[in-house]
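Chemist: Handing you this structure, nothing more for now.
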Amino acid sequence: MRNRMFFLKAMAAAAVALWAVAVPTAARTPAEEDANAMYAALKAFTLSGGAMRAENVTLKRDRAEMNFTGVFYLEAPVAGRVRGVVFLGRGQFRAEVPNLQTEQEYVRRLLKAEVIESDFKTAVLRFNDDTFETLQPQLSPANEAATEAQRLASEFHARMLRDTGANLASRLMVSILNQETAGLFVAEFDGGRRGRFTFLFDPQARIPVTHFNINGGEKGLIYQYEKGWGTQVWMAFYSVQDYQRGVVEYSDLHDAAHIRHYEMEVDLRQPNKRLAAQVRMDVEAKAPALRVLPLAMNESLPDIENLRRNRALLVRAAQTSDGQPLTVWQEEWEGGFTVLLPKSYRAGETVSISVQYDGDFLFEADGLRGCYYPIVTNEWYPRHGFLQSSTYKLRFLHRKSDIVAAQGVLEGTQPADGNANERVTNWRIDVPVKMFTFGVGRFEPHAEDVQLQDGKKFKVEFYSVPGHTLAIKEDFILAELYNSLNFFTVLFGEYRYPAFRAVFHPRGFGQGFATALLIPNTDRASQYTFQFIAHETAHQWWGNLVGWRSYRDQWISEGFADYSGLLYTALRDRRKAAAAREMLEEMRSSLRDPPFTLTGVGKGRLSDVGPIIMGHRLSTRETLGAYQALIYNKGALVLRMLHFLFTNPANGDGQAFFDMMRDFVTRHQGQLATSDTFRAVANEHFVKTPIAKKYNLQNLNWFFAQWVYQDYLPSYRLAYAVEDRPDGSVVLDCTIYQDNAGENWFMPLPLVIYFSKDQVGRGTVHAYGRETRLQIPLPRRPEKVELDPELWILSEKTETRPIRK
């Protein structure tokens with residue numbers, strides 16, 4: 001450990017910023033020499049392979065069709081093949097939108113078009129498939145100077161790095177050296193009516209996952225970089241073969257590796273200037289032939305104010321566990337780096353590698369001196385894939401005056417060797433978690449010994465800030481942490497982590513990491529505080545213990561946590577049901593709000609932007625605010641409707657819902673859940689419920705199809721009359737009207753009948769299609785009838801109207 005820590009100290013003195021790191025020439029093997037030469041050639045993209053003329057030549061790549069009349073300028077072959085060309089002339093691009101209503105409406109809203117098409121005058125193509133072999137027979141030799149074409153080629157690599165963070169040269173290296181059977185294709189078009197835009201087809205989805213956070217199995221993107229916004233995805237799509245088969249593989253099935261364990265030495269002695277780290281990763285190969293390992297880091301740093309360039313963490317060196325130096329490729333603006341491994345590893349084989357890096361990656365909040373946090377909380381260390389679970393062991397070197405707050409178990413703090421003004425703090429977590437973060441500074445730890453309902457004992461902690469900096473009621477926050485954790489233990493099952501704490505965070509939002517919450521000052525006893533702390537606490541189950549597999553499933557984290565917070569608030573707030581109702585009404589109201597655009601208020605309602613399985617793609621330049629309203633609010637309201645469907649209408653017993661949720665946690669603990677796996681668990685439990693039996697419902701497929709995969713916001717109206725029959729019986733003659741719903745939309749609805757103050761009848765009616773006529777026998781005439789008075793069912797408006805006959 002001393003030698004490794006000495007390395008960090010030596011690294012602190014390094015002043016040269018190496019953007020493309022390589023091992024010393026004398027240490028390179030012939031294979032490494034070849035790999036470095038290949039990378040240099042791919043990065044240079046030199047058009048010395050000649051020119052060829054195209055006359056009405058068509059190239060089809062997946063769902064995109066491109067037509068060219070002009071001249072292609074060829075890259076010199078790399079590893080025996082042409083892997084890039086530049087085109088100058090006249091061309092047409094066309095891509096049909098998949099036959100999915102959600103994607104068609106998305107394109108229609110964003111581009112005001114049914115098909116994505118444009119003319120172009122230039123095109124830059126990079127590929128590792130048979131593109132050149134497909135084009136070559138249709139081309140004829142040309143004698144054209146490549147000056148303008150070479151300029152476009154030279155600019156393309158750097159522009160893609162700045163726009164997206166993706167290093168196309170290293171992505172091609174991964175494809176070549178890992179022997180990926182389906183090759184990459186990227187084409188940038190410019191000079192037409194839609195300006196510069198890019199078509200990307202990545203069969204292993206590496207660029208979509210890392211640089212666009214699109215990981216639902218989509219292999220293709222069409223996007224455009226917009227100044228002031230960033231990359232705007234016009235369309236994301238599966239392969240044509242996926243649509244034809246009707247089966248899609250999640251992107252994580254194409255992960256090249258899984259990082260099972262991290263051991264980190266982190267230097268935080270100059271937090272206002274520098275974070276430095278040496279990270280050892282135990283890597284298991286998942287690809288059939290893992291020779292090159294792509295890793296993400298810095299990827300969410302924007303290009304605004306050059307943040308991704310100026311504040312990025314830069315790799316200084318890498319080696320195997322036995323000290324063998326490794327080649328690393330990392331470019332300016334890149335959201336990650338790539339490591340050339342010592343050999344090719346078969347799936348299931350393991351290798352340990354260490355990486356040293358540093359950069360100005362910590363921030364200090366305005367007005368809160370002395371506390372520092374990573375700029376992006378989970379991007380300060382190398383990762384592969386999306387939300388992989390790993391164990392962590394960390395050793396932080398820091399100033400004596402500072403305290404490090406992190407996840408897992410604090411193993412202790414002791415003086416650093418040879419320096420009385422420095423300390424070493426050790427943290428570890430042996431339960432695999434999906435991400436890790438920390439804070440360092442003048443924190444003041446507060447703790448309380450607690451025992452949960454299941455008998456588990458440990459400390460609940462809150463790392464606050466000094467009172468002279470900011471006055472915080474630590475006792476209140478500790479109490480809320482314990483109360484909400486205990487509450488959810490009862491509802492959703494055992495808390496399976498070894499510790500629980502919150503760390504003060506200066507940003508105006510919270511984050512719920514496994515064992516540790518990042519929260520701002522939230523110490524006022526209000527319904528919003530109760531809901532906020534409970535929401536973040538609920539992430540211990542929804543997001544951590546049960547992860548979400550793709551961006552399409554993120555409502556399982558945020559929507560579930562939001563509804564959990566609502567349940568807690570209804571119990572905790574002194575006004576109980578009234579406070580919860582106010583929050584319900586606010587959630588519902590948000591869906592009726594218009595979206596904001598970059599230039600002002602947009603048209604329509606947020607509820608119409610798209611279904612919740614569109615995830616973060618709901619937020620575009622035309623639909624700002626849609627993600628929060630739909631994933632959080634609508635996600636919570638959809639779960640609330642499920643709660644109703646599992647509840648016995650006669651007595652209000654909803655235990656079946658919580659039994660189902662506990663079973664869902666048990667089956668998915670430590671795993672990534674999807675909307676479909678949640679539906680499968682819910683289906684098993686639902687068939688036993690009174691509502692399922694009443695309506696002879698065998699599953700909840702209809703419910704998920706309506707509320708998760710579609711974006712309707714219906715309105716419900718009950719028109720009724722009470723009839724006294726000649727035989728002395730009383731009948732409630734009613735019609736349920738269902739507006740703004742999909743065709744054949746079906747929904748059970750709560751009905752409450754008041755006979756007197758103390759006698760209330762509860763049951764359900766159902767809506768099917770535009771209107772449904774029902775006659776309900778009653779024991780006597782009621783005083784009042786109400787449709788869904790407790791707002792169980794999401795609607796734009798719910799009304800009850802008596803009518804006279």
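Ordering of the structure tokens sets the chain letters (A, B, ...); residue numbers start at 1 within each chain; ligands are numbered from 1 in the order shown.
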Determine, counting only C-alpha atoms, which protein, DNA and RNA residues have an atom within 8 Å of an atom of Asp303 of chain A; residues of the same chain fewer than 5 positions away are not included. Present the result as a list in words.
Modeler: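 Non-adjacent residues within range: Arg162, Asp163, Gly230, Arg308 and Arg309 of chain A.
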Chemist: Quick one: residues within 9 Å of His685 of chain A, only C-alpha atoms counted, chain neighbours fewer than 4 positions away excluded, as a PyMOL selection string?
Modeler: chain A and resi 646+656-657+659-660+681+689+699
Chemist: Just the residues within 9 Å of Arg206 of chain A, please, counting only C-alpha atoms, with nothing from its chain fewer than 5 positions along; format it as a VMD selection string.
Modeler: chain A and resid 171 211 215 219 251 254 to 255 294 385
Chemist: Give me, as a PyMOL selection string, all polymer residues having an atom no more than 6 Å from segment 535-549 of chain A, counting only C-alpha atoms and skipping those fewer than 4 positions away in the same chain.
Modeler: chain A and resi 512+514+531+553-554+557+561-562+565+668-674
Chemist: Using DSSP on the backbone coordinates, identify all residues within segment 350-534 of chain A classified as alpha helix (DSSP H); present the result as a list of chain:residue names.
Modeler: A:Glu474, A:Asp475, A:Phe476, A:Ile477, A:Leu478, A:Ala479, A:Glu480, A:Leu481, A:Tyr482, A:Asn483, A:Ser484, A:Leu485, A:Asn486, A:Phe487, A:Phe488, A:Thr489, A:Val490, A:Leu491, A:Phe492, A:Gln527, A:Tyr528, A:Thr529, A:Phe530, A:Gln531, A:Phe532, A:Ile533, A:Ala534
Chemist: Which of segment 126-317 of chain A end up as strand (DSSP E) when DSSP is run on this backbone - answer as an MDAnalysis selection string?
Modeler: chainID A and resid 126:127 140:142 185:190 197:201 220:226 230:237 257:267 275:285 290:296 314:317
Chemist: When you look at segment 793-800 of chain A with a cut-off of 8 Å (counting only C-alpha atoms), what residues show up, excluding the ones that are within fewer than 5 positions of it in the same chain? I need them as a list in words.
Modeler: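 Selected residues are Arg588, Arg592, Leu637, Val638, Arg640, Met641, Leu713, Pro714, Ser715, Tyr716, Arg717, Leu718, Ala719, Tyr720, Leu749, Val785, Glu786, Leu787 and Asp788 of chain A.
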Chemist: Just the selected residues (N, CA and C atoms), exported as a CSV table (one decimal), in the first residue's frame, please.
Modeler:
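Okay, again.csv is ready:
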```csv
chain,number,residue,atom,x,y,z
A,588,ARG,N,-51.2,15.1,-10.9
A,588,ARG,CA,-52.2,15.0,-12.0
A,588,ARG,C,-52.2,16.3,-12.9
A,592,ARG,N,-51.3,18.0,-17.3
A,592,ARG,CA,-52.1,18.8,-18.2
A,592,ARG,C,-51.3,20.1,-18.6
A,637,LEU,N,-48.4,7.7,-10.5
A,637,LEU,CA,-49.8,7.5,-10.6
A,637,LEU,C,-50.2,6.2,-11.2
A,638,VAL,N,-49.4,5.7,-12.1
A,638,VAL,CA,-49.6,4.4,-12.7
A,638,VAL,C,-49.5,3.3,-11.6
A,640,ARG,N,-50.0,3.8,-8.5
A,640,ARG,CA,-51.1,4.0,-7.6
A,640,ARG,C,-52.3,3.3,-8.2
A,641,MET,N,-52.5,3.3,-9.5
A,641,MET,CA,-53.7,2.6,-10.1
A,641,MET,C,-53.5,1.1,-9.9
A,713,LEU,N,-54.7,10.2,-21.9
A,713,LEU,CA,-55.1,10.8,-20.5
A,713,LEU,C,-56.6,10.9,-20.6
A,714,PRO,N,-57.3,9.8,-20.2
A,714,PRO,CA,-58.8,9.8,-20.4
A,714,PRO,C,-59.5,10.8,-19.4
A,715,SER,N,-60.7,11.0,-19.7
A,715,SER,CA,-61.6,11.7,-18.7
A,715,SER,C,-62.8,10.7,-18.5
A,716,TYR,N,-63.3,10.7,-17.2
A,716,TYR,CA,-64.4,9.8,-16.9
A,716,TYR,C,-65.6,10.6,-16.3
A,717,ARG,N,-66.8,10.2,-16.7
A,717,ARG,CA,-68.0,10.9,-16.2
A,717,ARG,C,-69.0,9.9,-15.9
A,718,LEU,N,-69.6,9.9,-14.7
A,718,LEU,CA,-70.7,9.1,-14.3
A,718,LEU,C,-72.0,9.8,-14.3
A,719,ALA,N,-72.9,9.4,-15.1
A,719,ALA,CA,-74.3,10.0,-15.1
A,719,ALA,C,-75.2,8.9,-14.5
A,720,TYR,N,-75.9,9.3,-13.5
A,720,TYR,CA,-76.7,8.3,-12.8
A,720,TYR,C,-78.1,8.8,-12.4
A,749,LEU,N,-63.2,1.2,-12.2
A,749,LEU,CA,-63.2,2.5,-11.5
A,749,LEU,C,-63.9,2.4,-10.1
A,785,VAL,N,-73.7,9.7,-4.6
A,785,VAL,CA,-72.9,8.8,-5.3
A,785,VAL,C,-71.7,9.5,-5.9
A,786,GLU,N,-70.5,8.9,-5.8
A,786,GLU,CA,-69.3,9.6,-6.3
A,786,GLU,C,-68.5,8.5,-7.0
A,787,LEU,N,-68.0,9.0,-8.2
A,787,LEU,CA,-67.0,8.2,-8.9
A,787,LEU,C,-65.6,8.6,-8.6
A,788,ASP,N,-64.9,7.6,-8.0
A,788,ASP,CA,-63.4,7.8,-7.7
A,788,ASP,C,-63.2,9.1,-6.9
```
Chemist: With a distance cut-off of 6 Å and only C-alpha atoms, select the neighbouring residues of segment 361-376 of chain A, excluding the residue or stretch itself and same-chain residues fewer than 4 positions from it, and output the selection as an MDAnalysis selection string.
Modeler: chainID A and resid 311 439:442
Chemist: Write the residues you've just listed into a file as a PDB file, in the first residue's frame, and include all heavy atoms for each of them.
Modeler:
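Okay, this is what ended up in out.pdb:
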```pdb
ATOM      1  N   ARG A 311     -12.178  20.095 -17.549  1.00  0.00           N
ATOM      2  CA  ARG A 311     -12.326  19.486 -16.225  1.00  0.00           C
ATOM      3  C   ARG A 311     -12.290  17.962 -16.277  1.00  0.00           C
ATOM      4  O   ARG A 311     -12.550  17.301 -15.270  1.00  0.00           O
ATOM      5  CB  ARG A 311     -13.641  19.942 -15.585  1.00  0.00           C
ATOM      6  CG  ARG A 311     -13.833  21.442 -15.455  1.00  0.00           C
ATOM      7  CD  ARG A 311     -12.901  22.077 -14.444  1.00  0.00           C
ATOM      8  NE  ARG A 311     -13.168  21.642 -13.087  1.00  0.00           N
ATOM      9  CZ  ARG A 311     -14.059  22.206 -12.266  1.00  0.00           C
ATOM     10  NH1 ARG A 311     -14.783  23.238 -12.690  1.00  0.00           N
ATOM     11  NH2 ARG A 311     -14.213  21.769 -11.038  1.00  0.00           N
ATOM     12  N   GLY A 439     -18.157  12.453  -0.899  1.00  0.00           N
ATOM     13  CA  GLY A 439     -17.936  13.877  -0.691  1.00  0.00           C
ATOM     14  C   GLY A 439     -16.769  14.027   0.262  1.00  0.00           C
ATOM     15  O   GLY A 439     -16.507  13.140   1.079  1.00  0.00           O
ATOM     16  N   VAL A 440     -16.053  15.127   0.189  1.00  0.00           N
ATOM     17  CA  VAL A 440     -14.930  15.354   1.090  1.00  0.00           C
ATOM     18  C   VAL A 440     -14.966  16.809   1.543  1.00  0.00           C
ATOM     19  O   VAL A 440     -15.297  17.704   0.770  1.00  0.00           O
ATOM     20  CB  VAL A 440     -13.577  15.025   0.406  1.00  0.00           C
ATOM     21  CG1 VAL A 440     -13.342  15.895  -0.820  1.00  0.00           C
ATOM     22  CG2 VAL A 440     -12.422  15.149   1.395  1.00  0.00           C
ATOM     23  N   GLY A 441     -14.648  17.024   2.807  1.00  0.00           N
ATOM     24  CA  GLY A 441     -14.626  18.397   3.304  1.00  0.00           C
ATOM     25  C   GLY A 441     -14.886  18.454   4.783  1.00  0.00           C
ATOM     26  O   GLY A 441     -14.724  17.471   5.513  1.00  0.00           O
ATOM     27  N   ARG A 442     -15.333  19.602   5.218  1.00  0.00           N
ATOM     28  CA  ARG A 442     -15.526  19.834   6.653  1.00  0.00           C
ATOM     29  C   ARG A 442     -16.924  19.406   7.089  1.00  0.00           C
ATOM     30  O   ARG A 442     -17.727  20.211   7.599  1.00  0.00           O
ATOM     31  CB  ARG A 442     -15.249  21.294   6.964  1.00  0.00           C
ATOM     32  CG  ARG A 442     -13.815  21.658   6.604  1.00  0.00           C
ATOM     33  CD  ARG A 442     -13.430  23.079   6.897  1.00  0.00           C
ATOM     34  NE  ARG A 442     -12.046  23.322   6.519  1.00  0.00           N
ATOM     35  CZ  ARG A 442     -11.402  24.472   6.671  1.00  0.00           C
ATOM     36  NH1 ARG A 442     -12.054  25.503   7.207  1.00  0.00           N
ATOM     37  NH2 ARG A 442     -10.145  24.600   6.300  1.00  0.00           N
TER      38      ARG A 442
END
```
Chemist: Looking at only C-alpha atoms, which of A:Leu110, A:Ala516, A:Val465, A:Ala680 is the one that sits closest to Leu485 of chain A?
Modeler: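 Closest to Leu485 of chain A, using only C-alpha atoms: A:Ala516.
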Chemist: Between atom CA of Pro649 of chain A and atom CA of Pro782 of chain A, what is the spacing in Å?
Modeler: 18.2 Å
Chemist: Identify, on the basis of only C-alpha atoms, every residue whose closest approach to Val186 of chain A does not exceed 7 Å; exclude the query and any residue fewer than 3 positions from it along the same chain; express the result as a ChimeraX atom specification.
Modeler: /A:125-127,199-201
Chemist: Compare A:Met264, A:Val460, A:Met614, A:Leu290 by their minimum atom-to-atom distance to Phe396 of chain A, counting only C-alpha atoms, and give me the closest one.
Modeler: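 Of the candidates, the smallest distance to Phe396 of chain A is held by A:Met264.
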Chemist: To one decimal in Å, tell me the separation between atom CA of His157 of chain A and atom CA of Val233 of chain A.
Modeler: 19.3 Å
Chemist: For Phe513 of chain A, which residue out of A:Gln407, A:Gln655, A:Ser526, A:Ser464 is the nearest one, using only C-alpha atoms?
Modeler: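 Of A:Gln407, A:Gln655, A:Ser526, A:Ser464, the one nearest Phe513 of chain A is A:Gln407, counting only C-alpha atoms.
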Chemist: When you count only C-alpha atoms, which of these residues is closest to Leu42 of chain A: A:Ala257, A:Leu172, A:Val115, A:Ile304?
Modeler: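 Ranking A:Ala257, A:Leu172, A:Val115, A:Ile304 by distance to Leu42 of chain A, first place goes to A:Leu172.
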Chemist: Which is closer to Val708 of chain A than all the others in A:Leu491, A:Ala577, A:Ala405, A:Ile556, using only C-alpha atoms?
Modeler: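 Checking each of A:Leu491, A:Ala577, A:Ala405, A:Ile556 against Val708 of chain A, counting only C-alpha atoms, the winner is A:Ile556.
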Chemist: Ranking A:His384, A:Asn651, A:Ser550, A:Tyr223 by minimum distance to Glu249 of chain A and counting only C-alpha atoms, which one comes first?
Modeler: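 Ranked by minimum distance to Glu249 of chain A, first place goes to A:Ser550.
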